[in-house]
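Structure file my_file_13.cif; described as mmCIF, C-alpha atoms.
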```cif
data_target
loop_
_atom_site.label_atom_id
_atom_site.label_comp_id
_atom_site.auth_asym_id
_atom_site.auth_seq_id
_atom_site.Cartn_x
_atom_site.Cartn_y
_atom_site.Cartn_z
CA MET O 1 0.00 0.00 0.00
CA PRO O 2 1.38 3.48 -0.85
CA ARG O 3 2.71 5.24 2.23
CA ARG O 4 0.41 8.22 1.57
CA LEU O 5 -2.63 6.02 2.16
CA VAL O 6 -1.12 4.83 5.42
CA GLU O 7 -0.39 8.38 6.64
CA LEU O 8 -3.65 9.98 5.47
CA PRO O 9 -5.85 8.63 8.31
CA LEU O 10 -3.28 9.91 10.84
CA LEU O 11 -3.32 13.37 9.28
CA ARG O 12 -7.11 13.47 9.18
CA SER O 13 -7.37 12.47 12.83
CA LEU O 14 -4.79 15.03 14.01
CA LYS O 15 -5.73 17.80 11.58
CA PRO O 16 -9.37 17.31 10.62
CA GLY O 17 -9.82 20.84 9.24
CA LEU O 18 -7.10 20.68 6.61
CA HIS O 19 -7.64 20.43 2.86
CA VAL O 20 -5.53 17.53 1.53
CA HIS O 21 -4.10 18.16 -1.92
CA ASP O 22 -4.44 15.48 -4.58
CA GLU O 23 -0.73 14.73 -4.80
CA GLU O 24 1.40 11.60 -4.44
CA ALA O 25 3.12 13.12 -1.43
CA LEU O 26 1.12 14.09 1.66
CA ASN O 27 0.40 17.83 1.51
CA ALA O 28 -2.39 19.73 3.25
CA GLU O 29 -3.34 23.27 4.25
CA PRO O 30 -5.94 24.88 6.52
CA SER O 31 -8.73 27.27 5.63
CA LEU O 32 -7.75 30.81 6.58
CA ASP O 33 -10.13 31.05 9.52
CA LEU O 34 -8.08 28.33 11.25
CA LEU O 35 -5.06 30.67 11.15
CA ASP O 36 -6.71 33.34 13.31
CA GLU O 37 -4.41 32.81 16.32
CA ALA O 38 -1.05 34.38 17.15
CA ILE O 39 0.42 30.90 17.64
CA THR O 40 -0.90 28.47 15.06
CA PRO O 41 -2.24 25.32 16.75
CA LEU O 42 -0.67 22.05 15.66
CA GLY O 43 -4.04 20.92 14.36
CA ALA O 44 -4.17 23.86 11.96
CA PHE O 45 -0.54 23.85 10.78
CA PHE O 46 0.04 23.00 7.12
CA ILE O 47 1.89 19.87 5.99
CA ARG O 48 4.46 19.91 3.17
CA ASN O 49 6.25 16.83 1.84
CA ASN O 50 8.36 16.12 -1.24
CA GLY O 51 8.37 12.37 -0.75
CA GLU O 52 7.38 9.64 1.68
CA LEU O 53 7.51 10.27 5.41
CA PRO O 54 10.14 8.08 7.07
CA GLU O 55 9.12 5.37 9.47
CA ILE O 56 10.54 6.05 12.94
CA ALA O 57 10.44 3.09 15.28
CA ASP O 58 12.20 4.74 18.23
CA ALA O 59 12.60 8.52 18.35
CA GLY O 60 14.80 8.14 21.43
CA ALA O 61 17.39 6.27 19.37
CA TRP O 62 17.65 9.06 16.77
CA THR O 63 21.13 10.46 16.14
CA LEU O 64 22.52 13.53 14.40
CA THR O 65 25.86 13.39 12.61
CA ILE O 66 28.03 16.50 12.15
CA ASP O 67 30.76 16.08 9.55
CA GLY O 68 32.40 17.61 6.50
CA GLU O 69 34.49 20.76 6.97
CA VAL O 70 34.78 20.46 10.75
CA GLU O 71 37.73 19.71 13.01
CA ARG O 72 35.90 17.21 15.19
CA PRO O 73 33.13 15.19 13.51
CA ALA O 74 30.55 14.01 16.00
CA VAL O 75 27.41 11.92 16.42
CA TRP O 76 24.82 13.24 18.87
CA SER O 77 21.85 11.57 20.50
CA LEU O 78 18.82 13.70 21.33
CA ALA O 79 19.61 13.37 25.02
CA ALA O 80 23.22 14.49 24.50
CA LEU O 81 22.12 17.55 22.50
CA ARG O 82 19.83 18.58 25.35
CA GLU O 83 22.48 17.97 28.00
CA THR O 84 25.36 19.69 26.21
CA PHE O 85 23.82 22.79 24.68
CA GLU O 86 21.51 25.55 25.86
CA THR O 87 17.84 24.97 25.04
CA VAL O 88 16.18 28.01 23.46
CA THR O 89 12.76 28.82 22.01
CA GLN O 90 12.27 30.93 18.89
CA THR O 91 8.85 32.07 17.68
CA ALA O 92 8.89 32.20 13.90
CA VAL O 93 6.73 32.06 10.81
CA LEU O 94 7.18 29.01 8.59
CA GLU O 95 5.95 29.51 5.03
CA CYS O 96 6.30 27.34 1.96
CA ALA O 97 7.95 29.19 -0.92
CA GLY O 98 5.08 28.04 -3.15
CA ASN O 99 2.31 29.40 -0.92
CA GLY O 100 -0.24 31.13 -3.16
CA ARG O 101 1.03 29.41 -6.32
CA SER O 102 -2.54 28.81 -7.49
CA GLN O 103 -2.93 32.56 -8.07
CA PHE O 104 -0.34 32.79 -10.84
CA SER O 105 -1.51 33.34 -14.41
CA PRO O 106 -0.48 31.66 -16.58
CA ALA O 107 -0.37 28.69 -14.22
CA THR O 108 2.97 27.24 -13.18
CA ASP O 109 4.03 23.71 -12.37
CA GLY O 110 4.08 22.58 -8.76
CA LEU O 111 1.67 22.05 -5.91
CA GLN O 112 -1.21 24.48 -6.33
CA TRP O 113 -1.25 25.94 -2.83
CA ARG O 114 -4.00 28.34 -1.91
CA LEU O 115 -2.92 30.76 0.87
CA GLY O 116 -2.76 28.42 3.85
CA ALA O 117 0.80 27.05 3.57
CA VAL O 118 1.98 29.27 6.42
CA GLY O 119 1.87 29.29 10.21
CA CYS O 120 3.59 30.77 13.24
CA ALA O 121 4.89 28.48 15.99
CA ARG O 122 7.16 28.40 19.01
CA TRP O 123 10.14 26.24 18.05
CA THR O 124 12.35 24.79 20.79
CA GLY O 125 15.80 23.30 20.35
CA VAL O 126 19.49 24.12 20.40
CA ARG O 127 21.33 26.65 18.27
CA LEU O 128 22.85 25.11 15.16
CA ALA O 129 25.79 27.50 15.70
CA ASP O 130 26.56 26.00 19.11
CA VAL O 131 26.67 22.48 17.69
CA LEU O 132 28.81 23.50 14.72
CA ARG O 133 31.27 25.50 16.81
CA HIS O 134 31.63 22.56 19.17
CA ALA O 135 32.70 20.56 16.12
CA GLY O 136 35.13 23.28 15.01
CA VAL O 137 34.12 25.00 11.76
CA LYS O 138 36.99 24.99 9.27
CA PRO O 139 37.82 28.28 7.47
CA GLY O 140 36.81 26.83 4.10
CA ALA O 141 33.23 26.03 5.13
CA VAL O 142 30.77 28.22 3.20
CA TYR O 143 27.54 26.19 3.22
CA THR O 144 25.78 23.45 5.16
CA GLY O 145 24.31 20.38 3.58
CA HIS O 146 21.30 18.93 5.39
CA HIS O 147 20.37 15.28 5.13
CA ALA O 148 17.23 13.45 6.21
CA GLN O 149 15.51 10.07 6.02
CA ASP O 150 12.53 10.89 3.78
CA ARG O 151 12.79 9.32 0.33
CA GLN O 152 11.34 9.92 -3.11
CA ILE O 153 8.12 8.10 -3.81
CA GLY O 154 8.92 4.84 -5.57
CA LYS O 155 12.69 5.51 -5.32
CA PRO O 156 13.76 4.57 -1.79
CA GLU O 157 17.41 4.91 -2.75
CA LYS O 158 17.03 8.65 -3.42
CA ALA O 159 16.56 11.47 -0.92
CA ALA O 160 13.34 13.45 -1.25
CA LEU O 161 15.01 16.70 -0.19
CA SER O 162 18.52 17.75 0.82
CA ARG O 163 18.87 21.50 1.19
CA GLY O 164 21.35 23.68 3.05
CA LEU O 165 22.16 27.15 4.36
CA PRO O 166 24.91 29.71 3.77
CA ILE O 167 27.34 29.46 6.66
CA ALA O 168 26.39 32.93 7.96
CA LYS O 169 22.75 31.84 8.36
CA ALA O 170 23.79 28.51 9.86
CA LEU O 171 25.77 30.39 12.52
CA ALA O 172 23.10 33.02 13.14
CA PRO O 173 21.59 32.88 16.64
CA GLU O 174 18.02 32.38 15.40
CA THR O 175 18.82 29.19 13.46
CA LEU O 176 17.97 26.08 15.46
CA ILE O 177 18.05 22.33 15.49
CA ALA O 178 14.54 21.95 16.86
CA PHE O 179 13.05 19.09 18.86
CA GLY O 180 9.94 20.93 20.11
CA MET O 181 6.97 22.77 18.63
CA ASN O 182 4.42 24.75 20.62
CA GLY O 183 5.58 23.24 23.89
CA GLU O 184 5.32 19.64 22.71
CA PRO O 185 7.87 17.19 21.28
CA LEU O 186 8.27 17.93 17.59
CA PRO O 187 5.57 15.83 15.85
CA ARG O 188 6.64 13.34 13.23
CA LEU O 189 4.29 15.04 10.74
CA HIS O 190 6.37 18.19 11.22
CA GLY O 191 9.78 16.60 10.97
CA GLY O 192 10.31 15.11 14.39
CA PRO O 193 12.49 14.10 16.12
CA LEU O 194 14.75 16.87 14.68
CA ARG O 195 14.42 19.60 12.08
CA ILE O 196 16.14 22.82 11.07
CA VAL O 197 14.47 26.11 11.97
CA ALA O 198 15.74 28.92 9.72
CA PRO O 199 13.56 32.00 10.36
CA GLY O 200 13.07 34.23 7.33
CA TYR O 201 14.02 31.48 4.87
CA PRO O 202 11.47 29.45 2.89
CA GLY O 203 10.16 26.24 4.41
CA SER O 204 12.31 24.11 2.10
CA ALA O 205 15.37 25.26 4.08
CA TRP O 206 13.83 23.99 7.34
CA GLN O 207 14.95 20.41 6.73
CA LYS O 208 12.75 17.83 8.47
CA TRP O 209 13.81 14.47 9.97
CA LEU O 210 17.34 15.84 10.17
CA ASP O 211 19.99 13.17 10.79
CA ARG O 212 23.14 14.74 9.34
CA VAL O 213 24.65 18.19 8.81
CA SER O 214 27.72 18.25 6.57
CA LEU O 215 29.71 21.45 6.09
CA ARG O 216 30.65 22.17 2.48
CA THR O 217 33.28 24.25 0.66
CA GLN O 218 30.68 25.18 -1.96
CA GLU O 219 26.94 25.78 -2.20
CA HIS O 220 25.20 22.54 -1.33
CA ASP O 221 24.12 20.49 -4.36
CA GLY O 222 21.74 18.02 -2.73
CA GLU O 223 18.27 17.05 -3.92
CA LYS O 224 16.23 20.12 -4.94
CA MET O 225 19.25 22.43 -4.59
CA ARG O 226 20.03 22.38 -8.31
CA GLY O 227 18.42 23.72 -11.47
CA THR O 228 15.54 26.09 -10.71
CA ASP O 229 14.28 24.38 -7.53
CA TYR O 230 13.50 26.94 -4.82
CA ARG O 231 15.17 29.67 -6.87
CA MET O 232 13.90 32.97 -8.20
CA PRO O 233 14.92 34.53 -11.53
CA ILE O 234 17.46 37.34 -11.25
CA ARG O 235 15.73 39.13 -14.15
CA PRO O 236 12.13 39.12 -15.42
CA LEU O 237 11.28 36.07 -17.52
CA ARG O 238 8.55 35.65 -20.11
CA PRO O 239 6.12 32.72 -20.04
CA GLY O 240 7.51 30.06 -22.36
CA GLU O 241 11.10 31.29 -22.16
CA ILE O 242 13.72 28.54 -21.91
CA LEU O 243 14.84 28.32 -18.29
CA ASP O 244 18.59 28.67 -17.76
CA PRO O 245 19.61 27.92 -14.16
CA ALA O 246 22.30 30.59 -14.50
CA ASN O 247 19.50 33.17 -14.43
CA PHE O 248 18.22 31.97 -11.02
CA ALA O 249 19.36 32.48 -7.44
CA VAL O 250 18.54 30.49 -4.28
CA ILE O 251 15.68 31.98 -2.23
CA THR O 252 17.24 33.19 1.02
CA ASP O 253 14.63 35.70 2.16
CA MET O 254 10.86 35.50 2.17
CA PRO O 255 9.09 38.73 1.15
CA VAL O 256 6.92 40.96 3.31
CA LYS O 257 3.35 39.68 3.40
CA SER O 258 -0.02 39.83 5.15
CA LEU O 259 -2.99 37.52 5.53
CA ILE O 260 -6.62 38.40 6.25
CA THR O 261 -8.12 35.68 8.45
CA ARG O 262 -11.42 37.49 9.08
CA PRO O 263 -13.83 38.01 7.37
CA ALA O 264 -13.94 35.02 5.06
CA ASP O 265 -14.34 35.47 1.33
CA GLY O 266 -18.06 35.66 0.52
CA PHE O 267 -19.06 37.40 3.77
CA THR O 268 -22.29 39.38 4.03
CA VAL O 269 -22.96 42.59 5.98
CA ALA O 270 -25.80 45.10 6.15
CA ALA O 271 -25.31 48.57 4.67
CA GLY O 272 -24.04 51.06 7.24
CA GLU O 273 -22.61 48.43 9.58
CA MET O 274 -18.94 47.96 10.38
CA VAL O 275 -16.82 45.03 9.16
CA THR O 276 -14.08 43.70 11.41
CA VAL O 277 -10.97 42.94 9.36
CA ALA O 278 -8.26 40.97 11.16
CA GLY O 279 -5.18 38.98 10.33
CA PHE O 280 -1.40 38.96 10.47
CA ALA O 281 1.60 40.52 8.76
CA TRP O 282 5.19 39.29 8.67
CA SER O 283 8.47 39.63 6.84
CA GLY O 284 11.76 37.81 6.29
CA ALA O 285 15.20 39.26 6.99
CA VAL O 286 14.04 42.88 6.69
CA PRO O 287 11.86 43.92 9.67
CA LEU O 288 8.16 44.49 9.18
CA ALA O 289 7.36 48.21 9.30
CA GLY O 290 3.62 48.70 8.83
CA LEU O 291 0.30 47.76 7.28
CA GLU O 292 -2.55 49.49 5.45
CA LEU O 293 -6.13 48.41 4.79
CA SER O 294 -8.46 49.31 1.95
CA HIS O 295 -12.22 48.79 1.76
CA ASP O 296 -12.75 50.27 -1.70
CA GLY O 297 -10.78 47.84 -3.84
CA GLY O 298 -7.45 49.65 -3.40
CA ARG O 299 -8.49 53.18 -4.36
CA SER O 300 -7.63 54.44 -0.88
CA TRP O 301 -5.68 53.06 2.08
CA ARG O 302 -5.55 53.68 5.81
CA ALA O 303 -2.72 52.78 8.17
CA VAL O 304 -3.58 50.22 10.86
CA ALA O 305 -1.57 49.56 13.99
CA LEU O 306 0.23 46.25 14.33
CA GLU O 307 0.24 44.50 17.68
CA PRO O 308 3.62 43.42 19.09
CA GLY O 309 4.79 39.98 18.01
CA GLU O 310 6.73 37.33 19.92
CA GLY O 311 10.08 38.42 18.57
CA PRO O 312 11.42 39.60 15.21
CA TYR O 313 10.44 36.49 13.24
CA ALA O 314 6.87 36.09 14.51
CA TRP O 315 3.92 37.49 12.65
CA ARG O 316 2.06 40.49 14.08
CA ARG O 317 -1.67 40.84 14.41
CA PHE O 318 -3.80 43.64 13.00
CA GLU O 319 -7.48 44.32 13.53
CA ALA O 320 -9.69 47.21 12.45
CA ARG O 321 -13.33 48.05 11.81
CA LEU O 322 -14.23 49.37 8.38
CA PRO O 323 -17.57 50.82 7.21
CA ALA O 324 -19.62 48.65 4.89
CA GLY O 325 -21.03 51.52 2.82
CA GLU O 326 -23.70 51.18 0.13
CA PRO O 327 -25.29 47.88 -1.02
CA GLY O 328 -23.19 45.94 -3.49
CA THR O 329 -19.79 44.24 -3.54
CA LEU O 330 -17.29 45.15 -0.84
CA THR O 331 -13.62 44.19 -1.28
CA VAL O 332 -11.20 44.56 1.61
CA MET O 333 -7.43 44.39 1.13
CA ALA O 334 -4.35 44.37 3.36
CA ARG O 335 -0.95 45.63 2.26
CA ALA O 336 2.18 45.32 4.43
CA HIS O 337 5.56 46.98 3.97
CA ASP O 338 8.99 46.44 5.49
CA ALA O 339 11.71 48.74 6.85
CA ALA O 340 13.46 48.86 3.46
CA GLY O 341 10.35 50.22 1.74
CA ASN O 342 9.34 46.95 0.07
CA ARG O 343 5.57 46.82 -0.24
CA GLN O 344 3.22 44.04 -1.24
CA PRO O 345 2.34 44.39 -4.93
CA LEU O 346 -1.25 44.59 -6.09
CA GLU O 347 -0.38 42.03 -8.77
CA MET O 348 2.48 39.58 -8.33
CA PRO O 349 5.10 39.58 -11.11
CA TRP O 350 5.01 36.17 -12.79
CA ASN O 351 7.83 33.70 -12.28
CA PRO O 352 8.11 30.24 -13.85
CA ARG O 353 8.15 28.21 -10.62
CA GLY O 354 5.38 30.08 -8.81
CA TYR O 355 7.47 31.08 -5.80
CA CYS O 356 7.24 33.93 -3.27
CA ASN O 357 3.76 35.16 -4.14
CA ASN O 358 3.15 38.09 -1.79
CA GLN O 359 0.54 39.95 -3.79
CA VAL O 360 -2.14 41.82 -1.88
CA GLN O 361 -4.95 39.52 -0.79
CA ARG O 362 -8.49 40.47 -1.79
CA VAL O 363 -11.46 39.38 0.31
CA SER O 364 -14.83 40.19 -1.22
CA GLY O 365 -18.28 40.13 0.30
CA HIS O 366 -21.79 41.46 -0.25
CA VAL O 367 -23.30 44.51 1.37
CA MET O 368 -27.06 44.03 1.73
CA ALA O 369 -29.64 46.78 1.91
CA ARG O 370 -31.05 47.33 5.40
CA ALA O 371 -34.40 45.70 5.98
CA GLY O 372 -37.40 48.03 6.29
#
```
Turn this file's structure into structure tokens for me.
Amino acid sequence: MPRRLVELPLLRSLKPGLHVHDEEALNAEPSLDLLDEAITPLGAFFIRNNGELPEIADAGAWTLTIDGEVERPAVWSLAALRETFETVTQTAVLECAGNGRSQFSPATDGLQWRLGAVGCARWTGVRLADVLRHAGVKPGAVYTGHHAQDRQIGKPEKAALSRGLPIAKALAPETLIAFGMNGEPLPRLHGGPLRIVAPGYPGSAWQKWLDRVSLRTQEHDGEKMRGTDYRMPIRPLRPGEILDPANFAVITDMPVKSLITRPADGFTVAAGEMVTVAGFAWSGAVPLAGLELSHDGGRSWRAVALEPGEGPYAWRRFEARLPAGEPGTLTVMARAHDAAGNRQPLEMPWNPRGYCNNQVQRVSGHVMARAG
């Protein structure tokens, strides 16, 4: 029996509200109303897989190997990691680079995510930097290579995903080897027993089921690190243009973005009443700076205060009441910007892999005439 059919009942029991995509690998996302909390519950957190989930008989026996360009290669048990290094918790947004891919026109290849492949969690673990420095990082190390036990569907000899990080990000204090999520042991569906947490980077860089980190003297060339995988074009490309990997660069920063979690698309309201618009905004390496709302389809905008977040990599809540106006269609929009002046576009520039869609979200409803 295909592994997906084995895992599907588990996912449905733990995450009953998620939409499961019709893919060979197990992938699922929540409706946006399930994302209306500052810390996304485990039951509402999206699932992204490139292959088959590994079978893990004994999480306590899991080990992590550190090798490559290090002075002292090592093998760590989970218990030894906890005992040797400081345990820290980092609140951070995890977003798939392909989130919102279904909005591109013309359509692109890849999983047709709606807008739910994102969530904000408290990740607990040890700093990757502490573990690497304990091993002694050699001067020639420029990149990490991450290895895991998930395999391609139908090809158990091949890794499903093997990504890495530039050495500066690997040694940054926010980058973790995580064994906890929202105060619980890291669930197997989310990469437990160990995964990388790389705040600001796309979810592909947050390697799940991590069992080896190898330091490299060059950019890592593991599975889905070559060609145009998880890369953006360095110049605008036309639909149908031949794709040359030389014109693409690895995604190392997710763009500023916002998400309206209330009201839901298709809402109704009586003329003259107020509509509560709520959601979250976040950014990658560049700090989030502000957010505006529109209730006239983008003709005018008003600044809305952002609530404090749990640290620089968490999303920040916004909530405001907007007038419904005259009977007819009402479209509300949220537009965030970062400290460098980058602002969400009204229409996302097309790219051939459907990555990093941060276009302004439109939520439309109907304003009804008052009775009587």
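Among the candidate residues O:Arg335, O:Leu322, O:Ala271, O:Leu330, the one lying nearest to Ala289 of chain O is O:Arg335, with distances computed using only C-alpha atoms.
Those residues that approach segment 97-111 of chain O to within 8 Å, counting only C-alpha atoms, are Glu23, Leu115, Gly116, Ala117, Val118, Pro202, Gly203, Ser204, Tyr230, Pro239, Met254, Met348, Trp350, Pro352, Arg353, Gly354, Tyr355, Cys356, Asn357 and Asn358 of chain O; same-chain residues fewer than 4 positions away are not listed.
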With distances taken over all atoms listed in the file, which of O:Leu42, O:Ile47, O:Ala249, O:Ala79 is nearest to Leu8 of chain O?
->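 Under the stated criterion, the closest residue is O:Ile47.
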Can you list what the PyMOL selection byres ((chain O and resi 54) around 12) grabs from this structure, as a ChimeraX atom specification?
-> /O:3-4,6-7,49-53,55-59,148-153,156,159-160,188-193,208-211
Output check: residues returned by the PyMOL selection byres ((chain O and resi 128) around 9), as a PyMOL selection string = chain O and resi 125-127+129-133+170-177+196
Which residues, protein or nucleic acid, reach to within 9 Å of (18.6, 42.6, 5.9) in the file's coordinates when using all atoms listed in the file, and can you give that as a short mmCIF file (atom, residue, chain, number, x, y, z; two decimals) with C-alpha atoms, in the coordinates of the input?
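Generated output (out10.cif):
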```cif
data_model
loop_
_atom_site.label_atom_id
_atom_site.label_comp_id
_atom_site.auth_asym_id
_atom_site.auth_seq_id
_atom_site.Cartn_x
_atom_site.Cartn_y
_atom_site.Cartn_z
CA ASP O 253 14.63 35.70 2.16
CA GLY O 284 11.76 37.81 6.29
CA ALA O 285 15.20 39.26 6.99
CA VAL O 286 14.04 42.88 6.69
CA PRO O 287 11.86 43.92 9.67
CA ALA O 340 13.46 48.86 3.46
#
```
Would you kindly translate the PyMOL selection byres ((chain O and resi 134-146) around 7) into the concrete residues it picks from this file, as a ChimeraX atom specification?
-> /O:69-74,130-133,147-148,162-167,207,210,212-220
With C-alpha atoms retained, write the just-selected residues as a compact mmCIF listing (two decimals), keeping the file's coordinate frame.
```
# COMPACT_ATOMS: atom_id res chain seq x y z
CA GLU O 69 34.49 20.76 6.97
CA VAL O 70 34.78 20.46 10.75
CA GLU O 71 37.73 19.71 13.01
CA ARG O 72 35.90 17.21 15.19
CA PRO O 73 33.13 15.19 13.51
CA ALA O 74 30.55 14.01 16.00
CA ASP O 130 26.56 26.00 19.11
CA VAL O 131 26.67 22.48 17.69
CA LEU O 132 28.81 23.50 14.72
CA ARG O 133 31.27 25.50 16.81
CA HIS O 147 20.37 15.28 5.13
CA ALA O 148 17.23 13.45 6.21
CA SER O 162 18.52 17.75 0.82
CA ARG O 163 18.87 21.50 1.19
CA GLY O 164 21.35 23.68 3.05
CA LEU O 165 22.16 27.15 4.36
CA PRO O 166 24.91 29.71 3.77
CA ILE O 167 27.34 29.46 6.66
CA GLN O 207 14.95 20.41 6.73
CA LEU O 210 17.34 15.84 10.17
CA ARG O 212 23.14 14.74 9.34
CA VAL O 213 24.65 18.19 8.81
CA SER O 214 27.72 18.25 6.57
CA LEU O 215 29.71 21.45 6.09
CA ARG O 216 30.65 22.17 2.48
CA THR O 217 33.28 24.25 0.66
CA GLN O 218 30.68 25.18 -1.96
CA GLU O 219 26.94 25.78 -2.20
CA HIS O 220 25.20 22.54 -1.33
```
Which is closer to Thr124 of chain O than all the others in O:Lys158, O:Arg316, O:Arg195, O:Arg262, using all atoms listed in the file?
-> O:Arg195
Straight-line distance linking atom CA of Arg321 of chain O with atom CA of Pro263 of chain O, stated in Å to one decimal | 11.0 Å
What is the atom CA of Glu319 of chain O-atom CA of Gly290 of chain O distance in Å, reported with one decimal?
->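 It comes out at 12.8 Å.
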Nearest to Ala264 of chain O, chosen from O:Ile242, O:Val363, O:Pro30, O:Asp67, with all atoms listed in the file counted in the distances | O:Val363
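Minimum distance to Ala92 of chain O across O:Ala314, O:Val75, O:Ala38, O:Ala178 (counting only C-alpha atoms) occurs at O:Ala314.
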When distances are computed from all atoms listed in the file, which of O:Gly68, O:Pro41, O:Pro349, O:Pro199 shows the smallest separation from Leu237 of chain O?
->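 Among the listed residues, O:Pro349 lies closest to Leu237 of chain O.
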List the neighbours of Ile260 of chain O out to 12 Å using only C-alpha atoms; skip same-chain residues closer than 3 positions along the sequence, and give me the result as a PyMOL selection string.
-> chain O and resi 31-37+115-116+257+263-265+276-281+291-294+316-320+331-336+360-364
Provide the atom CA of Glu95 of chain O to atom CA of Trp301 of chain O distance in Å, to one decimal place.
-> 26.4 Å
